[in-house]
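Report on one structure; see the data block that follows.
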Amino acid sequence: VQLVESGGGFVQPGGSLRLSCVASGFFFGGVPMSWARQAPGKGLEWVSTIYGDGARKVYADSVKGRFTISRDNAKNTVHLEMNSLKADDTGLYYCATGTQGNYGDRGRGTQVTVSS
């Protein structure tokens, strides 16, 4: 299993970023995929999960209404569109197989920094 995240960067408060994760080594379409993040000095925080067919999506309260998760099963990719970014959104963002609190494999992460 390989998960490779990209799309992180430095952005000012109120800005937007789109994260991507390319998966390989397993049947992508049958697996729920999640994004989680880790801020400096803090534990891993679940952000969002999208289930296999893409119809069901769930979000942490802290990002609801600002972030949108999506997937393209033909391309083995999952995305996280992040809008109205805040300083509290800063962290290392991971793509993972599985659901909140029940992760399987995880990528190396992509850094998101929100600062003025």
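Numbering starts fresh at 1 for the residues of each chain in the structure tokens, the chains themselves are lettered A, B, ... in the order given, and ligands are numbered from 1 as they appear.
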Test item: residues at most 12 Å from Phe26 (chain A), only C-alpha atoms, excluding those fewer than 2 positions along its chain, as a ChimeraX atom specification: /A:1-3,22-24,28-32,73,76,97,104-105
From A:Ala96, A:Val11, A:Ala36, A:Leu44, residue lying nearest Tyr59 (chain A) [only C-alpha atoms]: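 Ranking A:Ala96, A:Val11, A:Ala36, A:Leu44 by distance to Tyr59 (chain A), first place goes to A:Ala36.
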Atom pair CA of Thr110 (chain A) / CA of Val47 (chain A): separation (Å):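 According to the coordinates, CA of Thr110 (chain A) and CA of Val47 (chain A) are separated by 14.0 Å.
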Straight-line distance linking CA of Ser48 (chain A) with CA of Trp35 (chain A), stated in Å to one decimal: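 Between CA of Ser48 (chain A) and CA of Trp35 (chain A) the gap is 5.3 Å.
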Atomic separation - CA of His79 (chain A) relative to CA of Arg56 (chain A), Å: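 Distance between the two atoms: 14.4 Å.
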Distance criterion (only C-alpha atoms): nearest to Pro13 (chain A) out of A:Thr90, A:Ser70, A:Gln111, A:Ser84: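 That would be A:Ser84, the residue with the smallest distance to Pro13 (chain A).
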Who sits within 6 Å of Gly107 (chain A), only C-alpha atoms, same chain under 6 positions skipped, as a list of chain:residue names: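 Skipping anything fewer than 6 positions along the chain leaves A:Leu3, A:Val4, A:Tyr94, A:Cys95.
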